[in-house]
Amino acid sequence: MGLLSLLRKLRPSPDKEARILLLGLDNAGKTTILKQLASEDIATVTPTAGFNIKSVAADGFKLNVWDIGGQWKIRPYWKNYFANTDVLIYVIDCTDRERLSETNRELFELLMDNRLKQVPLLVFANKQDLPNAMTASELAEAAQLVRLEERTWQIVGCSAVDGTGIKEGMDWVCKNMKK
Amino acid sequence: MSLTKIYLRYYPPGLALNCRNADGKETLHHIDLLNLKANTRVESVIKTITNDLQNSQAGSESIYSPAAPAFAAGVGDKQPKQILSSPPADEKNTTTETHFLQQIIENYTDPLRQAIAKLQRKLLEPTQKKFYSQRRVAHLLPLTNICFDRSGTRCLTGSYDRICRIINTHDAVEEQLLKGHDNVVFSVAFNQPKCDKVVTGSFDGTARVWQASNGQSLCTLYGHTAELVMAEFDPIQSSVIATASMDGSARLFDIETAFELQQLRQHGAEVIVSRFSRCGNMLVTASFDSTAAIWDIRSGCLSAQLRGHTAELSNCVWNFSCDRIATASLDSTAQLWDVRRLNVPLHKITGHREEVLDVCFDSTGSRLATCSSDCTARVWDVRGDLVQLSVMEGHKDEVSKVCFSPPGSLLMTASADNTARLWFTESGQCSQVLSGHDSEVFSCAFSYAGDIIVTASKDNTCRLWR
């Protein structure tokens with residue numbers, strides 16, 4: 001990939017390309033989702049200490065998906081990656097009830113940034129395969145997503161490990177891209 | 001009139017003569033010995049120097065005036081000129097200077113002989129050592145660009161964590177943290193050769209100048225409206241910064257006042273490289289608009305635009321003498337340009353099968369290296385006709401950076417396969433694989449003496465090798 005391709009990815013996406021930003025707390029499942037999208041082996045996912053970028057084809061588009069590490073100490077640097085974002089995907093671990101307010105706070109804080117103002121938001125309610133997971137509608141209510149009046153948004157339940165719901169979410173992404 | 005000091009420069013070989021004239025005024029005269037070989041007779045070297053001096057007196061064919069650059073902020077004639085004409089040098093002055101130097105050389109033949117012999121002994125030293133990982137420095141996020149100071153005692157690292165670190169290469173201790181940017185620090189540079197200041201370029205759209213000794217911020221250079229991807233000091237006085245930005249412009253800033261001196265606007269897309277010529281009078285820029293451009297700093301005018309590539313440029317560099325420029329492009333070619341004739345490239349380098357990602361000259365400018373997404377690097381002899389000298393094959397992923405060791409016997413490559421590699425320049429054989437990084441290697445550099453290597457990676461660390 002190299003530094004040069006990082007510069008190329010700073011440019012506004014051409015017509016049939018889009019820049020997708022994948023954010024969420026640590027252990028939410030962002031990298032696993034990214035690997036599912038790229039049809040890669042998900043057995044060896046470790047915490048992301050920087051970022052991962054993959055390009056995937058969907059619906060005639062080339063999606064450049066940026067998966068950004070979510071650990072507490074590197075969250076202040078999420079802003080590095082906001083410019084020219086076409087869709088924001090926010091991933092929430094539906095079994096992690098303890099950190100629900102924390103993830104909610106982070107989400108609403110980043111939505112206040114000017115560069116993400118007009119950007120459509122997809123929330124992946126991840127880990128639906130686990131028995132104690134909140135459903136997508138429970139999460140929507142708990143996270144008060146109704147407060148997002150002005151924004152195009154959607155919430156989709158998914159399981160990154162078995163792939164359920166991922167395609168459905170990405171279909172929404174392609175339909176609602178600000179293009 | 002006397003010769004008070006002789007400075008040696010090993011890479012590329014050269015001398016600087018510190019002279020004092022009758023009035024007690026001291027001046028420094030540079031003599032480049034780019035073709036010096038270990039077995040050349042010292043007498044014939046001195047003879048060549050004298051002959052060159054006489055020729056320069058007769059022809060006065062230098063492209064650049066020897067005077068220090070004056071940075072005119074005024075707007076001059078903005079029409080691009082196709083050919084770089086020689087500025088009207090003060091001919092009488094040049095003649096006196098030549099005469100003066102000839103006198104010096106005649107009067108001080110013995111010390112000069114010793115100095116040249118010392119340069120030749122350096123050429124005989126073994127330069128193909130093995131390197132071992134010595135130290136590791138961790139950032140919070142991936143690294144970007146890195147560089148050494150002239151002495152090799154400090155190196156600079158840029159990072160996605162917005163901090164530039166000055167690292168002591170001996171014990172890997174962070175001497176200074178340069179904090180202040182609001183986004184990725186992408187480019188880092190010392191003012192060469194003094195190295196008492198640092199300039200950083202950031203995705204926050206600013207460049208900052210820092211005091212290297214205490215990390216104090218000296219000034220912030222505002223003006224660009226998008227990410228800044230390169231910033232460099234002028235090589236003569238270190239008082240002007242040239243920047244390149246994704247906003248499509250290159251700019252010149254004065255660091256005393258932090259004012260913008262010039263906006264260099266001609267490119268139709270992002271500018272990713274801006275490099276001063278050695279004398280500080282010219283700037284070359286490379287752009288995603290598939291052209292490079294040469295600017296006359298004193299007038300702020302475009303001198304020439306280098307049109308020959310059909311896709312984005314990935315880099316452009318001067319050779320040491322600044323009479324050649326090499327450009328690399330995503331159109332899978334590199335091109336070599338003669339500065340006196342810029343309407344067509346001198347050579348098209350077409351060996352690579354995919355995008356050419358980097359290009360560099362060796363220290364004397366006799367060889368060129370290119371690297372590519374096709375996982376290879378190649379070395380070319382560019383002294384006369386273009387000849388491919390060697391192909392470096394072995395990386396398992398694209399090769400994004402390439403550089404020569406200062407003596408030129410080794411080539412270093414950085415790749416997305418998590419390794420940097422060292423190769424014998426002549427044969428293309430791999431000398432060693434520098435492995436240890438957990439993610440792709442973004443950048444690499446040799447110290448000026450060639451005894452230390454630094455590699456920087458997406459794995460949030462840089463490694464020092466000796």
# chains A, B, ... in the order shown; residues from 1 in each chain; ligands from 1
$ closest_atom_pairs --of "region 272-350 of chain B" --to "region 24-45 of chain B" --cutoff "12 Å" --atoms "only C-alpha atoms" --output "JSON lines"
{"residue": "B:Cys279", "atom": "CA", "partner": "B:His30", "partner_atom": "CA", "distance": 11.6}
{"residue": "B:Asn319", "atom": "CA", "partner": "B:Leu34", "partner_atom": "CA", "distance": 11.5}
{"residue": "B:Phe320", "atom": "CA", "partner": "B:Leu34", "partner_atom": "CA", "distance": 9.1}
{"residue": "B:Ser321", "atom": "CA", "partner": "B:Asp32", "partner_atom": "CA", "distance": 8.9}
$ interface_residues --of "chain A" --to "chain B" --cutoff "12 Å" --atoms "only C-alpha atoms" --output "VMD selection string"
chain A and resid 1 to 12 47 to 53 68 to 84
$ write_last_selection --atoms "N, CA, C and O atoms" --output "CSV table (one decimal), in the first residue's frame"
chain,number,residue,atom,x,y,z
A,1,MET,N,0.8,-1.2,0.0
A,1,MET,CA,0.0,0.0,0.0
A,1,MET,C,0.9,1.3,0.0
A,1,MET,O,0.9,2.0,-0.9
A,2,GLY,N,1.7,1.4,1.0
A,2,GLY,CA,2.7,2.5,1.0
A,2,GLY,C,2.1,3.9,1.3
A,2,GLY,O,0.9,4.1,1.3
A,3,LEU,N,3.0,4.8,1.6
A,3,LEU,CA,2.5,6.2,2.0
A,3,LEU,C,1.9,6.8,0.8
A,3,LEU,O,0.9,7.6,1.0
A,4,LEU,N,2.4,6.5,-0.4
A,4,LEU,CA,1.8,7.2,-1.6
A,4,LEU,C,0.3,6.9,-1.7
A,4,LEU,O,-0.5,7.7,-2.0
A,5,SER,N,0.0,5.6,-1.5
A,5,SER,CA,-1.5,5.2,-1.6
A,5,SER,C,-2.3,5.9,-0.5
A,5,SER,O,-3.5,6.1,-0.7
A,6,LEU,N,-1.7,6.1,0.6
A,6,LEU,CA,-2.4,6.9,1.7
A,6,LEU,C,-2.8,8.3,1.2
A,6,LEU,O,-3.9,8.8,1.4
A,7,LEU,N,-1.8,8.9,0.4
A,7,LEU,CA,-2.1,10.2,-0.1
A,7,LEU,C,-3.1,10.1,-1.2
A,7,LEU,O,-4.0,11.0,-1.3
A,8,ARG,N,-3.1,9.1,-2.0
A,8,ARG,CA,-4.1,8.9,-3.1
A,8,ARG,C,-5.5,8.8,-2.5
A,8,ARG,O,-6.5,9.2,-3.0
A,9,LYS,N,-5.5,8.1,-1.3
A,9,LYS,CA,-6.8,7.9,-0.6
A,9,LYS,C,-7.3,9.2,0.1
A,9,LYS,O,-8.5,9.2,0.5
A,10,LEU,N,-6.5,10.2,0.2
A,10,LEU,CA,-7.0,11.5,0.7
A,10,LEU,C,-7.8,12.2,-0.2
A,10,LEU,O,-8.6,13.1,0.1
A,11,ARG,N,-7.7,11.9,-1.5
A,11,ARG,CA,-8.4,12.7,-2.5
A,11,ARG,C,-9.9,12.3,-2.5
A,11,ARG,O,-10.2,11.2,-2.1
A,12,PRO,N,-10.7,13.3,-2.8
A,12,PRO,CA,-12.2,12.9,-2.9
A,12,PRO,C,-12.4,11.7,-3.8
A,12,PRO,O,-11.7,11.7,-4.8
A,47,PRO,N,-6.4,-6.9,18.2
A,47,PRO,CA,-6.8,-5.5,18.4
A,47,PRO,C,-6.0,-4.6,17.4
A,47,PRO,O,-4.8,-4.8,17.2
A,48,THR,N,-6.7,-3.7,16.8
A,48,THR,CA,-6.1,-2.8,15.8
A,48,THR,C,-5.4,-1.6,16.5
A,48,THR,O,-6.1,-0.9,17.1
A,49,ALA,N,-4.1,-1.5,16.3
A,49,ALA,CA,-3.4,-0.4,16.9
A,49,ALA,C,-3.2,0.8,16.0
A,49,ALA,O,-2.5,1.7,16.4
A,50,GLY,N,-3.8,0.7,14.8
A,50,GLY,CA,-3.7,1.8,13.9
A,50,GLY,C,-4.9,1.8,13.0
A,50,GLY,O,-6.0,2.2,13.5
A,51,PHE,N,-4.7,1.4,11.8
A,51,PHE,CA,-5.9,1.3,10.9
A,51,PHE,C,-5.6,0.2,9.9
A,51,PHE,O,-4.5,-0.3,9.7
A,52,ASN,N,-6.7,-0.3,9.3
A,52,ASN,CA,-6.7,-1.3,8.2
A,52,ASN,C,-7.5,-0.7,7.1
A,52,ASN,O,-8.6,-0.1,7.4
A,53,ILE,N,-7.1,-0.9,5.9
A,53,ILE,CA,-7.8,-0.4,4.7
A,53,ILE,C,-8.0,-1.6,3.8
A,53,ILE,O,-7.1,-2.3,3.4
A,68,ILE,N,-10.7,1.7,11.8
A,68,ILE,CA,-9.8,2.5,12.7
A,68,ILE,C,-9.9,1.9,14.1
A,68,ILE,O,-10.9,1.6,14.6
A,69,GLY,N,-8.7,1.6,14.7
A,69,GLY,CA,-8.6,1.1,16.0
A,69,GLY,C,-9.5,1.8,17.0
A,69,GLY,O,-9.6,3.1,17.0
A,70,GLY,N,-10.1,1.1,18.0
A,70,GLY,CA,-11.1,1.8,18.9
A,70,GLY,C,-10.7,1.8,20.3
A,70,GLY,O,-11.5,2.2,21.2
A,71,GLN,N,-9.5,1.5,20.6
A,71,GLN,CA,-9.1,1.5,22.0
A,71,GLN,C,-9.1,3.0,22.5
A,71,GLN,O,-8.9,3.9,21.8
A,72,TRP,N,-9.4,3.0,23.8
A,72,TRP,CA,-9.6,4.3,24.5
A,72,TRP,C,-8.6,5.4,24.1
A,72,TRP,O,-8.9,6.5,23.7
A,73,LYS,N,-7.3,5.0,24.3
A,73,LYS,CA,-6.2,6.0,24.1
A,73,LYS,C,-6.0,6.4,22.7
A,73,LYS,O,-5.4,7.5,22.5
A,74,ILE,N,-6.5,5.7,21.7
A,74,ILE,CA,-6.4,6.2,20.3
A,74,ILE,C,-7.7,6.7,19.7
A,74,ILE,O,-7.7,7.2,18.6
A,75,ARG,N,-8.7,6.8,20.5
A,75,ARG,CA,-10.0,7.4,20.0
A,75,ARG,C,-9.8,8.9,19.7
A,75,ARG,O,-10.5,9.3,18.7
A,76,PRO,N,-9.0,9.6,20.4
A,76,PRO,CA,-8.9,11.1,20.1
A,76,PRO,C,-8.4,11.3,18.6
A,76,PRO,O,-8.5,12.3,18.1
A,77,TYR,N,-7.8,10.2,18.1
A,77,TYR,CA,-7.2,10.4,16.7
A,77,TYR,C,-8.1,10.0,15.6
A,77,TYR,O,-7.8,10.0,14.4
A,78,TRP,N,-9.4,9.6,16.0
A,78,TRP,CA,-10.4,9.2,14.9
A,78,TRP,C,-10.5,10.4,13.9
A,78,TRP,O,-10.7,10.2,12.7
A,79,LYS,N,-10.4,11.6,14.4
A,79,LYS,CA,-10.5,12.8,13.6
A,79,LYS,C,-9.6,12.8,12.4
A,79,LYS,O,-9.9,13.5,11.4
A,80,ASN,N,-8.4,12.2,12.6
A,80,ASN,CA,-7.4,12.1,11.5
A,80,ASN,C,-8.1,11.6,10.2
A,80,ASN,O,-7.6,11.9,9.1
A,81,TYR,N,-9.1,10.9,10.3
A,81,TYR,CA,-9.6,10.1,9.2
A,81,TYR,C,-10.9,10.6,8.6
A,81,TYR,O,-11.5,10.0,7.7
A,82,PHE,N,-11.5,11.7,9.2
A,82,PHE,CA,-12.8,12.2,8.8
A,82,PHE,C,-13.0,12.7,7.4
A,82,PHE,O,-14.0,12.6,6.8
A,83,ALA,N,-11.9,13.3,6.9
A,83,ALA,CA,-12.0,14.1,5.6
A,83,ALA,C,-12.5,13.2,4.5
A,83,ALA,O,-12.1,12.1,4.3
A,84,ASN,N,-13.4,13.8,3.7
A,84,ASN,CA,-14.0,13.1,2.5
A,84,ASN,C,-14.7,11.8,2.7
A,84,ASN,O,-14.7,10.9,1.9
$ select_by_dssp --residues "region 24-127 of chain A" --states "strand (DSSP E)" --output "count of residues only"
30
$ closest_residue --among "A:Leu122, A:Ala140, A:Leu23, A:Cys94" --to "Ser159 (chain A)" --atoms "only C-alpha atoms"
A:Cys94
$ atom_distance --atom1 "CA of Leu34 (chain A)" --atom2 "CA of Val56 (chain A)"
9.3 Å
